[in-house]
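Printed here is structure.cif (mmCIF, C-alpha atoms):
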data_entry
loop_
_atom_site.group_PDB
_atom_site.id
_atom_site.type_symbol
_atom_site.label_atom_id
_atom_site.label_comp_id
_atom_site.auth_asym_id
_atom_site.auth_seq_id
_atom_site.Cartn_x
_atom_site.Cartn_y
_atom_site.Cartn_z
ATOM 1 C CA MET A 1 -22.273 3.620 -13.878
ATOM 2 C CA LYS A 2 -22.392 1.121 -11.053
ATOM 3 C CA LYS A 3 -19.449 -1.270 -10.794
ATOM 4 C CA ASP A 4 -19.939 -5.044 -11.034
ATOM 5 C CA GLY A 5 -17.320 -5.816 -8.405
ATOM 6 C CA ILE A 6 -15.463 -4.067 -5.618
ATOM 7 C CA THR A 7 -12.553 -5.359 -3.585
ATOM 8 C CA LEU A 8 -11.523 -5.086 0.045
ATOM 9 C CA VAL A 9 -7.766 -4.915 0.626
ATOM 10 C CA VAL A 10 -6.680 -5.948 4.116
ATOM 11 C CA LEU A 11 -3.288 -4.688 5.267
ATOM 12 C CA ALA A 12 -1.999 -7.547 7.401
ATOM 13 C CA ALA A 13 1.778 -7.686 6.823
ATOM 14 C CA GLY A 14 2.429 -6.126 10.223
ATOM 15 C CA MET A 15 0.364 -8.600 12.214
ATOM 16 C CA GLY A 16 3.203 -10.891 13.167
ATOM 17 C CA SER A 17 5.473 -8.115 14.399
ATOM 18 C CA ARG A 18 2.793 -6.375 16.451
ATOM 19 C CA PHE A 19 1.477 -9.513 18.117
ATOM 20 C CA GLY A 20 4.585 -11.670 18.339
ATOM 21 C CA GLY A 21 3.503 -14.053 15.595
ATOM 22 C CA LEU A 22 0.086 -14.956 14.182
ATOM 23 C CA LYS A 23 -0.356 -17.870 16.561
ATOM 24 C CA GLN A 24 -0.354 -15.418 19.432
ATOM 25 C CA ILE A 25 -3.210 -13.237 18.141
ATOM 26 C CA GLU A 26 -5.891 -13.294 20.779
ATOM 27 C CA PRO A 27 -9.423 -14.027 19.546
ATOM 28 C CA VAL A 28 -12.127 -11.472 20.325
ATOM 29 C CA GLY A 29 -15.217 -13.508 19.384
ATOM 30 C CA PRO A 30 -16.870 -16.392 21.271
ATOM 31 C CA ASN A 31 -15.672 -18.987 18.733
ATOM 32 C CA CYS A 32 -12.077 -17.807 18.343
ATOM 33 C CA GLU A 33 -12.937 -15.140 15.736
ATOM 34 C CA PHE A 34 -10.326 -12.429 15.189
ATOM 35 C CA ILE A 35 -11.198 -8.788 14.497
ATOM 36 C CA ILE A 36 -10.419 -9.454 10.844
ATOM 37 C CA ASP A 37 -13.216 -12.051 10.684
ATOM 38 C CA TYR A 38 -15.802 -9.408 11.577
ATOM 39 C CA SER A 39 -14.384 -7.013 8.976
ATOM 40 C CA VAL A 40 -14.648 -9.608 6.208
ATOM 41 C CA TYR A 41 -18.139 -10.587 7.366
ATOM 42 C CA ASP A 42 -19.284 -6.952 7.243
ATOM 43 C CA ALA A 43 -17.630 -6.448 3.844
ATOM 44 C CA ILE A 44 -19.468 -9.418 2.345
ATOM 45 C CA LYS A 45 -22.760 -8.153 3.774
ATOM 46 C CA ALA A 46 -22.067 -4.700 2.289
ATOM 47 C CA GLY A 47 -21.481 -6.130 -1.185
ATOM 48 C CA PHE A 48 -17.720 -6.440 -1.592
ATOM 49 C CA THR A 49 -16.935 -9.256 -4.003
ATOM 50 C CA LYS A 50 -13.247 -10.026 -3.394
ATOM 51 C CA ILE A 51 -10.723 -9.865 -0.555
ATOM 52 C CA VAL A 52 -6.999 -9.292 -1.044
ATOM 53 C CA PHE A 53 -4.908 -9.996 2.043
ATOM 54 C CA ILE A 54 -1.466 -8.372 2.061
ATOM 55 C CA ILE A 55 0.772 -10.415 4.357
ATOM 56 C CA LYS A 56 4.363 -11.439 4.946
ATOM 57 C CA GLU A 57 5.280 -14.405 2.768
ATOM 58 C CA GLU A 58 6.558 -16.350 5.773
ATOM 59 C CA ASN A 59 3.118 -16.027 7.412
ATOM 60 C CA TYR A 60 1.206 -17.449 4.444
ATOM 61 C CA GLU A 61 0.605 -20.978 5.756
ATOM 62 C CA ILE A 62 -0.475 -19.982 9.264
ATOM 63 C CA PHE A 63 -2.560 -17.056 7.945
ATOM 64 C CA LYS A 64 -4.347 -19.302 5.451
ATOM 65 C CA GLU A 65 -4.903 -21.941 8.128
ATOM 66 C CA THR A 66 -6.293 -19.583 10.787
ATOM 67 C CA ILE A 67 -8.102 -16.914 8.770
ATOM 68 C CA GLY A 68 -8.158 -17.943 5.122
ATOM 69 C CA LYS A 69 -9.937 -21.243 5.669
ATOM 70 C CA ARG A 70 -12.752 -19.470 7.510
ATOM 71 C CA VAL A 71 -13.465 -16.809 4.889
ATOM 72 C CA GLU A 72 -12.544 -18.540 1.602
ATOM 73 C CA PRO A 73 -15.855 -20.480 1.438
ATOM 74 C CA HIS A 74 -17.757 -17.173 1.506
ATOM 75 C CA ILE A 75 -15.889 -14.825 -0.874
ATOM 76 C CA SER A 76 -13.130 -14.824 -3.488
ATOM 77 C CA VAL A 77 -9.759 -14.462 -1.708
ATOM 78 C CA GLU A 78 -6.299 -13.626 -3.035
ATOM 79 C CA TYR A 79 -2.985 -13.105 -1.252
ATOM 80 C CA ALA A 80 -0.215 -10.607 -1.912
ATOM 81 C CA PHE A 81 3.163 -10.635 -0.178
ATOM 82 C CA GLN A 82 4.793 -7.460 1.059
ATOM 83 C CA LYS A 83 8.349 -7.885 -0.207
ATOM 84 C CA ASN A 84 11.142 -5.415 -0.889
ATOM 85 C CA ASP A 85 11.755 -6.409 -4.509
ATOM 86 C CA ASN A 86 9.780 -3.503 -5.983
ATOM 87 C CA ILE A 87 11.684 -0.516 -4.594
ATOM 88 C CA PRO A 88 14.102 1.561 -6.710
ATOM 89 C CA SER A 89 17.288 -0.474 -7.266
ATOM 90 C CA GLU A 90 19.632 2.217 -5.951
ATOM 91 C CA TYR A 91 18.226 1.910 -2.423
ATOM 92 C CA HIS A 92 19.170 -1.025 -0.237
ATOM 93 C CA ILE A 93 17.038 -2.043 2.736
ATOM 94 C CA PRO A 94 19.128 -3.412 5.635
ATOM 95 C CA LYS A 95 18.900 -7.203 5.751
ATOM 96 C CA ASP A 96 18.164 -7.173 9.471
ATOM 97 C CA ARG A 97 15.102 -4.953 9.097
ATOM 98 C CA GLU A 98 12.017 -6.937 10.172
ATOM 99 C CA LYS A 99 9.344 -4.216 10.128
ATOM 100 C CA PRO A 100 7.498 -3.815 6.795
ATOM 101 C CA LEU A 101 8.248 -0.712 4.719
ATOM 102 C CA GLY A 102 4.847 0.866 5.379
ATOM 103 C CA THR A 103 1.273 0.791 4.157
ATOM 104 C CA ALA A 104 1.831 2.593 0.830
ATOM 105 C CA HIS A 105 4.556 0.119 -0.087
ATOM 106 C CA ALA A 106 2.279 -2.740 1.005
ATOM 107 C CA LEU A 107 -0.503 -1.562 -1.291
ATOM 108 C CA LEU A 108 1.875 -1.343 -4.235
ATOM 109 C CA CYS A 109 2.776 -5.002 -3.649
ATOM 110 C CA ALA A 110 -0.852 -5.946 -4.431
ATOM 111 C CA ARG A 111 -1.043 -3.927 -7.642
ATOM 112 C CA ASP A 112 -1.293 -6.894 -10.010
ATOM 113 C CA LEU A 113 -4.297 -8.312 -8.119
ATOM 114 C CA ILE A 114 -6.459 -5.169 -8.079
ATOM 115 C CA HIS A 115 -8.173 -3.958 -11.260
ATOM 116 C CA GLU A 116 -11.348 -2.510 -9.771
ATOM 117 C CA ASN A 117 -12.353 0.097 -7.208
ATOM 118 C CA PHE A 118 -11.392 -0.974 -3.717
ATOM 119 C CA ALA A 119 -11.330 -0.093 -0.047
ATOM 120 C CA ILE A 120 -8.400 -0.615 2.291
ATOM 121 C CA ILE A 121 -8.456 -1.434 5.996
ATOM 122 C CA THR A 122 -6.007 -2.738 8.562
ATOM 123 C CA ALA A 123 -6.329 -6.259 9.911
ATOM 124 C CA ASP A 124 -6.443 -5.354 13.597
ATOM 125 C CA ASP A 125 -9.048 -2.581 13.593
ATOM 126 C CA PHE A 126 -12.797 -3.079 14.085
ATOM 127 C CA TYR A 127 -14.634 -0.671 11.770
ATOM 128 C CA GLY A 128 -18.317 -1.624 12.077
ATOM 129 C CA TYR A 129 -20.841 -2.415 9.343
ATOM 130 C CA ASP A 130 -21.866 1.197 8.658
ATOM 131 C CA ALA A 131 -18.364 2.042 7.399
ATOM 132 C CA PHE A 132 -18.317 -0.900 4.975
ATOM 133 C CA GLU A 133 -21.811 -0.141 3.697
ATOM 134 C CA LYS A 134 -20.995 3.527 3.020
ATOM 135 C CA SER A 135 -17.643 2.831 1.396
ATOM 136 C CA ALA A 136 -19.118 0.074 -0.807
ATOM 137 C CA LYS A 137 -21.890 2.363 -2.023
ATOM 138 C CA TYR A 138 -19.421 5.138 -2.848
ATOM 139 C CA LEU A 139 -17.052 2.816 -4.690
ATOM 140 C CA ARG A 140 -19.882 1.357 -6.783
ATOM 141 C CA ASP A 141 -21.142 4.798 -7.797
ATOM 142 C CA HIS A 142 -17.933 6.851 -8.164
ATOM 143 C CA ASP A 143 -14.477 6.697 -9.718
ATOM 144 C CA ASP A 144 -12.642 8.886 -7.253
ATOM 145 C CA PHE A 145 -11.227 8.531 -3.750
ATOM 146 C CA CYS A 146 -12.905 8.735 -0.358
ATOM 147 C CA VAL A 147 -12.029 8.428 3.312
ATOM 148 C CA ILE A 148 -14.284 7.106 6.049
ATOM 149 C CA GLY A 149 -14.242 9.719 8.789
ATOM 150 C CA TYR A 150 -14.816 8.624 12.378
ATOM 151 C CA GLN A 151 -15.662 11.005 15.197
ATOM 152 C CA ILE A 152 -12.361 11.413 17.008
ATOM 153 C CA GLY A 153 -13.979 11.071 20.415
ATOM 154 C CA GLU A 154 -15.073 7.541 19.458
ATOM 155 C CA THR A 155 -11.541 6.416 18.592
ATOM 156 C CA LEU A 156 -9.529 7.230 21.713
ATOM 157 C CA SER A 157 -8.046 4.877 24.280
ATOM 158 C CA THR A 158 -8.353 5.382 28.012
ATOM 159 C CA LYS A 159 -4.880 3.850 28.384
ATOM 160 C CA GLY A 160 -2.841 6.656 26.790
ATOM 161 C CA THR A 161 -2.061 8.509 23.569
ATOM 162 C CA VAL A 162 -2.953 7.114 20.146
ATOM 163 C CA LYS A 163 -1.900 8.049 16.610
ATOM 164 C CA ARG A 164 -4.657 9.359 14.372
ATOM 165 C CA GLY A 165 -4.926 10.913 10.921
ATOM 166 C CA VAL A 166 -6.816 14.096 11.761
ATOM 167 C CA CYS A 167 -8.881 15.208 8.768
ATOM 168 C CA MET A 168 -9.115 18.835 7.716
ATOM 169 C CA GLU A 169 -11.867 19.387 5.168
ATOM 170 C CA ARG A 170 -13.709 21.954 3.091
ATOM 171 C CA ASP A 171 -17.068 21.420 1.383
ATOM 172 C CA GLY A 172 -16.970 17.722 2.200
ATOM 173 C CA TYR A 173 -13.501 17.050 0.776
ATOM 174 C CA LEU A 174 -10.150 16.567 2.467
ATOM 175 C CA THR A 175 -7.746 19.470 2.454
ATOM 176 C CA GLN A 176 -5.136 17.858 4.720
ATOM 177 C CA ILE A 177 -4.451 14.783 6.839
ATOM 178 C CA ILE A 178 -2.407 15.618 9.930
ATOM 179 C CA GLU A 179 -0.833 12.519 11.465
ATOM 180 C CA SER A 180 -0.919 13.288 15.166
ATOM 181 C CA LYS A 181 -0.582 11.854 18.648
ATOM 182 C CA VAL A 182 -3.980 12.324 20.248
ATOM 183 C CA GLU A 183 -5.194 12.178 23.844
ATOM 184 C CA ARG A 184 -8.137 13.451 25.877
ATOM 185 C CA VAL A 185 -6.815 15.567 28.752
ATOM 186 C CA ASP A 186 -9.278 16.974 31.305
ATOM 187 C CA GLY A 187 -12.098 16.620 28.798
ATOM 188 C CA VAL A 188 -10.189 18.322 25.963
ATOM 189 C CA ILE A 189 -8.880 16.441 22.908
ATOM 190 C CA LYS A 190 -5.297 17.526 22.287
ATOM 191 C CA CYS A 191 -3.439 16.679 19.076
ATOM 192 C CA GLU A 192 0.323 16.778 18.661
ATOM 193 C CA PRO A 193 1.426 16.584 14.992
ATOM 194 C CA LEU A 194 4.100 13.969 14.315
ATOM 195 C CA SER A 195 5.801 16.581 12.138
ATOM 196 C CA GLY A 196 6.672 18.609 15.220
ATOM 197 C CA ALA A 197 4.240 21.426 14.426
ATOM 198 C CA HIS A 198 2.294 23.166 17.181
ATOM 199 C CA MET A 199 -0.228 21.211 19.244
ATOM 200 C CA TYR A 200 -3.891 21.908 18.499
ATOM 201 C CA GLU A 201 -7.308 20.995 19.907
ATOM 202 C CA VAL A 202 -10.381 19.558 18.203
ATOM 203 C CA GLU A 203 -13.990 18.859 19.121
ATOM 204 C CA GLU A 204 -15.307 15.394 19.993
ATOM 205 C CA ASN A 205 -17.026 15.007 16.609
ATOM 206 C CA HIS A 206 -14.038 16.065 14.484
ATOM 207 C CA SER A 207 -13.315 13.533 11.716
ATOM 208 C CA VAL A 208 -10.277 11.274 11.780
ATOM 209 C CA SER A 209 -9.086 8.611 9.375
ATOM 210 C CA MET A 210 -8.623 5.101 10.744
ATOM 211 C CA LEU A 211 -6.885 4.083 7.504
ATOM 212 C CA MET A 212 -10.135 3.126 5.793
ATOM 213 C CA PHE A 213 -9.956 4.657 2.333
ATOM 214 C CA GLY A 214 -11.885 4.057 -0.864
ATOM 215 C CA LEU A 215 -9.522 4.100 -3.842
ATOM 216 C CA THR A 216 -9.296 3.224 -7.521
ATOM 217 C CA PRO A 217 -6.431 1.715 -9.569
ATOM 218 C CA LYS A 218 -5.371 5.297 -10.322
ATOM 219 C CA ILE A 219 -3.597 5.247 -6.952
ATOM 220 C CA PHE A 220 -0.876 2.808 -8.065
ATOM 221 C CA PRO A 221 1.085 5.068 -10.460
ATOM 222 C CA MET A 222 0.695 7.860 -7.905
ATOM 223 C CA ILE A 223 2.340 5.720 -5.210
ATOM 224 C CA GLU A 224 5.057 4.651 -7.632
ATOM 225 C CA ASN A 225 5.770 8.244 -8.612
ATOM 226 C CA GLN A 226 6.153 9.264 -4.978
ATOM 227 C CA MET A 227 8.193 6.255 -3.860
ATOM 228 C CA ARG A 228 11.536 7.267 -5.368
ATOM 229 C CA ASP A 229 11.311 10.745 -3.817
ATOM 230 C CA TYR A 230 10.389 9.183 -0.484
ATOM 231 C CA PHE A 231 13.380 6.837 -0.406
ATOM 232 C CA GLU A 232 15.694 9.621 -1.503
ATOM 233 C CA ARG A 233 14.545 11.756 1.446
ATOM 234 C CA HIS A 234 14.934 8.814 3.838
ATOM 235 C CA LYS A 235 18.039 7.121 2.428
ATOM 236 C CA GLY A 236 19.802 7.635 5.746
ATOM 237 C CA ASP A 237 16.949 6.014 7.672
ATOM 238 C CA LEU A 238 16.117 2.887 5.684
ATOM 239 C CA SER A 239 16.263 0.708 8.784
ATOM 240 C CA SER A 240 13.114 2.242 10.284
ATOM 241 C CA CYS A 241 11.301 4.654 7.894
ATOM 242 C CA GLU A 242 7.760 3.842 6.705
ATOM 243 C CA PHE A 243 6.189 4.847 3.390
ATOM 244 C CA LEU A 244 2.570 5.468 4.461
ATOM 245 C CA ILE A 245 -0.734 5.784 2.610
ATOM 246 C CA PRO A 246 -1.911 8.906 4.506
ATOM 247 C CA ASP A 247 1.300 10.709 3.506
ATOM 248 C CA VAL A 248 0.829 9.695 -0.130
ATOM 249 C CA LEU A 249 -2.770 10.931 -0.088
ATOM 250 C CA ASP A 250 -1.795 14.173 1.618
ATOM 251 C CA THR A 251 0.684 14.832 -1.201
ATOM 252 C CA ILE A 252 -2.031 14.023 -3.754
ATOM 253 C CA ILE A 253 -4.380 16.519 -2.088
ATOM 254 C CA ARG A 254 -1.794 19.282 -2.027
ATOM 255 C CA SER A 255 -0.842 18.711 -5.660
ATOM 256 C CA LYS A 256 -4.550 18.608 -6.630
ATOM 257 C CA GLU A 257 -4.067 15.320 -8.499
ATOM 258 C CA GLU A 258 -7.246 13.917 -6.986
ATOM 259 C CA LYS A 259 -10.043 14.983 -4.647
ATOM 260 C CA ILE A 260 -10.866 12.831 -1.615
ATOM 261 C CA LYS A 261 -14.463 12.805 -0.381
ATOM 262 C CA VAL A 262 -15.005 12.624 3.394
ATOM 263 C CA ILE A 263 -17.740 10.110 4.205
ATOM 264 C CA LYS A 264 -18.698 10.280 7.846
ATOM 265 C CA THR A 265 -19.736 7.351 9.985
ATOM 266 C CA GLU A 266 -21.209 7.472 13.431
ATOM 267 C CA GLY A 267 -20.033 3.920 14.014
ATOM 268 C CA LYS A 268 -17.772 3.039 16.897
ATOM 269 C CA TRP A 269 -14.217 2.078 16.020
ATOM 270 C CA TYR A 270 -12.224 -0.371 18.137
ATOM 271 C CA GLY A 271 -8.539 -1.163 17.891
ATOM 272 C CA VAL A 272 -5.689 -2.645 19.857
ATOM 273 C CA THR A 273 -3.322 0.196 20.619
ATOM 274 C CA TYR A 274 -2.740 -1.232 24.085
ATOM 275 C CA ARG A 275 -3.112 -4.808 25.241
ATOM 276 C CA GLU A 276 -5.753 -3.637 27.716
ATOM 277 C CA ASP A 277 -7.939 -2.500 24.796
ATOM 278 C CA LEU A 278 -8.807 -6.136 24.014
ATOM 279 C CA ALA A 279 -11.294 -6.306 26.892
ATOM 280 C CA SER A 280 -13.375 -3.442 25.487
ATOM 281 C CA ILE A 281 -13.422 -5.022 22.013
ATOM 282 C CA LYS A 282 -14.575 -8.370 23.368
ATOM 283 C CA ASP A 283 -17.295 -6.679 25.395
ATOM 284 C CA ALA A 284 -18.461 -4.617 22.398
ATOM 285 C CA ILE A 285 -18.687 -7.685 20.146
ATOM 286 C CA HIS A 286 -20.579 -9.572 22.844
ATOM 287 C CA LYS A 287 -23.148 -6.749 22.960
ATOM 288 C CA LEU A 288 -23.436 -6.666 19.159
ATOM 289 C CA ILE A 289 -24.097 -10.418 19.164
ATOM 290 C CA GLU A 290 -26.794 -9.922 21.786
ATOM 291 C CA LYS A 291 -28.378 -7.249 19.548
ATOM 292 C CA GLY A 292 -28.395 -9.702 16.647
ATOM 293 C CA GLU A 293 -25.878 -7.873 14.461
ATOM 294 C CA TYR A 294 -23.544 -10.896 14.384
ATOM 295 C CA HIS A 295 -24.058 -14.613 14.836
ATOM 296 C CA ASN A 296 -22.613 -16.169 17.953
ATOM 297 C CA ASP A 297 -20.673 -18.535 15.678
ATOM 298 C CA LEU A 298 -19.852 -16.041 12.928
ATOM 299 C CA TRP A 299 -19.198 -18.348 9.979
ATOM 300 C CA ASN A 300 -21.695 -21.120 10.802
#
Translate the structure described by the file into structure tokens.
Amino acid sequence: MKKDGITLVVLAAGMGSRFGGLKQIEPVGPNCEFIIDYSVYDAIKAGFTKIVFIIKEENYEIFKETIGKRVEPHISVEYAFQKNDNIPSEYHIPKDREKPLGTAHALLCARDLIHENFAIITADDFYGYDAFEKSAKYLRDHDDFCVIGYQIGETLSTKGTVKRGVCMERDGYLTQIIESKVERVDGVIKCEPLSGAHMYEVEENHSVSMLMFGLTPKIFPMIENQMRDYFERHKGDLSSCEFLIPDVLDTIIRSKEEKIKVIKTEGKWYGVTYREDLASIKDAIHKLIEKGEYHNDLWN
């Protein structure tokens, strides 16, 4: 049965720390649009009916003023705050820790606002309309999980290594996500697992996750069940550890709790791994505007 509504969850609690504060985010569009504006625009076009922004509570006013006021006239918007008041009571996060506890923890902070199938993205990645269209269709028609798989060769930076969730699959479903440092060296894509396992090579069209997953509310008890074990394993590293969605999903795959469909897109991904990457994003958006895929003034 098709769903009446689907939600887009935007992971934005790390924006301030990565960019030195929301006021310092550099626009990429001709009328001061951020990357996140284009993601919301594409999501609305694809049929998403609600946006949930997960942010730091101290960034609420500036986030609402810079981003919220642009998108709120066009779609239902809610805000969740990534706070540390939902972790097991026996673990104590150092008071001087500024970095959020990770994307899985962030998603759990939005649990009370999400009662329908949903997709997640990060605020500072440009995914392209095709990815939103395919994820929306899957979420309307299915009650299980999916990942949007990008061709790895379309996600690399010319400025150095990047971190990618390399997808291993069988019969169209994920069998493993290997978080790896990735770089093209002399025409060969080399992947170094963050776990310390042996380096491996993949082809240009191999699928990687850019943290765009289609999920259902079933994910929340799964995250909660894994969280205590995670903090127990990292109790000596609570000043810097991160509880991440790809790691949660990898555990789910291995335990066979849920299958995760790989939905491939040929779209071009853009992100800001290095400051120099901004120029390529601005140029790409300019070309998409020229092709008529976006308005020059996005929201008007």
Shell of 12 Å around Glu204 of chain A, all atoms listed in the file, local chain residues under 5 positions omitted, as a compact mmCIF listing (two decimals) with C-alpha atoms, in the frame of the given file:
# COMPACT_ATOMS: atom_id res chain seq x y z
CA TYR A 150 -14.82 8.62 12.38
CA GLN A 151 -15.66 11.00 15.20
CA ILE A 152 -12.36 11.41 17.01
CA GLY A 153 -13.98 11.07 20.42
CA GLU A 154 -15.07 7.54 19.46
CA THR A 155 -11.54 6.42 18.59
CA LEU A 156 -9.53 7.23 21.71
CA VAL A 166 -6.82 14.10 11.76
CA VAL A 182 -3.98 12.32 20.25
CA GLU A 183 -5.19 12.18 23.84
CA ARG A 184 -8.14 13.45 25.88
CA GLY A 187 -12.10 16.62 28.80
CA VAL A 188 -10.19 18.32 25.96
CA ILE A 189 -8.88 16.44 22.91
CA LYS A 190 -5.30 17.53 22.29
CA CYS A 191 -3.44 16.68 19.08
CA GLU A 266 -21.21 7.47 13.43
What are the closest atom pairs, with distances in Å to one decimal, for each residue of segment 160-232 of chain A lying within 10 Å of segment 138-143 of chain A, using all atoms listed in the file, rows by chain and rising residue number, as a Markdown table?
| residue | atom | partner | partner_atom | distance |
| --- | --- | --- | --- | --- |
| A:Gly214 | CA | A:Leu139 | CA | 6.5 |
| A:Leu215 | CA | A:Leu139 | CA | 7.7 |
| A:Thr216 | CA | A:Asp143 | CA | 6.6 |
| A:Pro217 | CA | A:Asp143 | CA | 9.5 |
| A:Lys218 | CA | A:Asp143 | CA | 9.2 |
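Nearest to Pro27 of chain A of all the residues A:Glu65, A:Asp124, A:Glu90, A:Glu116 is A:Asp124, based on only C-alpha atoms.
Taking all atoms listed in the file into account, the residues near (-16.7, -10.9, -2.4), no farther than 10 Å, are A:Gly5, A:Ile6, A:Thr7, A:Leu8, A:Val40, A:Tyr41, A:Ala43, A:Ile44, A:Lys45, A:Ala46, A:Gly47, A:Phe48, A:Thr49, A:Lys50, A:Ile51, A:Val52, A:Val71, A:Glu72, A:His74, A:Ile75, A:Ser76, A:Val77.
Every residue that the PyMOL selection byres ((chain A and resi 102-106) around 7) selects in this file is listed here: Ile54, Gln82, Pro100, Leu101, Leu107, Leu108, Cys109, Ile223, Glu242, Phe243, Leu244 and Ile245 of chain A.
Ranking A:Ile252, A:Ile260, A:Leu278, A:Phe118 by their shortest atom-to-atom distance to Gly172 of chain A, with only C-alpha atoms included, puts A:Ile260 first.
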Point (-1.3, 19.6, -0.7), cut-off 9 Å, counting all atoms listed in the file, residues as a PDB file with C-alpha atoms, keeping the file's coordinate frame:
ATOM      1  CA  THR A 175      -7.746  19.470   2.454  1.00  0.00           C
ATOM      2  CA  GLN A 176      -5.136  17.858   4.720  1.00  0.00           C
ATOM      3  CA  LEU A 249      -2.770  10.931  -0.088  1.00  0.00           C
ATOM      4  CA  ASP A 250      -1.795  14.173   1.618  1.00  0.00           C
ATOM      5  CA  THR A 251       0.684  14.832  -1.201  1.00  0.00           C
ATOM      6  CA  ILE A 252      -2.031  14.023  -3.754  1.00  0.00           C
ATOM      7  CA  ILE A 253      -4.380  16.519  -2.088  1.00  0.00           C
ATOM      8  CA  ARG A 254      -1.794  19.282  -2.027  1.00  0.00           C
ATOM      9  CA  SER A 255      -0.842  18.711  -5.660  1.00  0.00           C
ATOM     10  CA  LYS A 256      -4.550  18.608  -6.630  1.00  0.00           C
TER      11      LYS A 256
END
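This file, queried with the PyMOL selection byres ((chain A and resi 281-284) around 8), gives the residues Val28, Gly29, Tyr270, Gly271, Asp277, Leu278, Ala279, Ser280, Ile285, His286, Lys287 and Leu288 of chain A.
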Evaluate the PyMOL selection byres ((chain A and resi 66) around 12) against this structure - the residues, as a PyMOL selection string, please. chain A and resi 22-27+32-34+36-37+59-65+67-72
With only C-alpha atoms as the atoms that count, which of A:Lys99, A:His206, A:Arg111, A:Lys264 lies nearest to Leu238 of chain A? A:Lys99
Atom-to-atom span, atom CA of Met227 of chain A and atom CA of Phe53 of chain A, Å: 21.7 Å
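In this model, the gap between atom CA of Asp186 of chain A and atom CA of Ile148 of chain A comes to 27.6 Å.
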Report, as AutoDock Vina command-line options, the centre and edge lengths in Å (one decimal) of the axis-aligned box enclosing every listed atom of segment 101-115 of chain A, padded by 5 Å on each side.
--center_x 0.0 --center_y -2.9 --center_z -2.9 --size_x 26.4 --size_y 20.9 --size_z 26.6
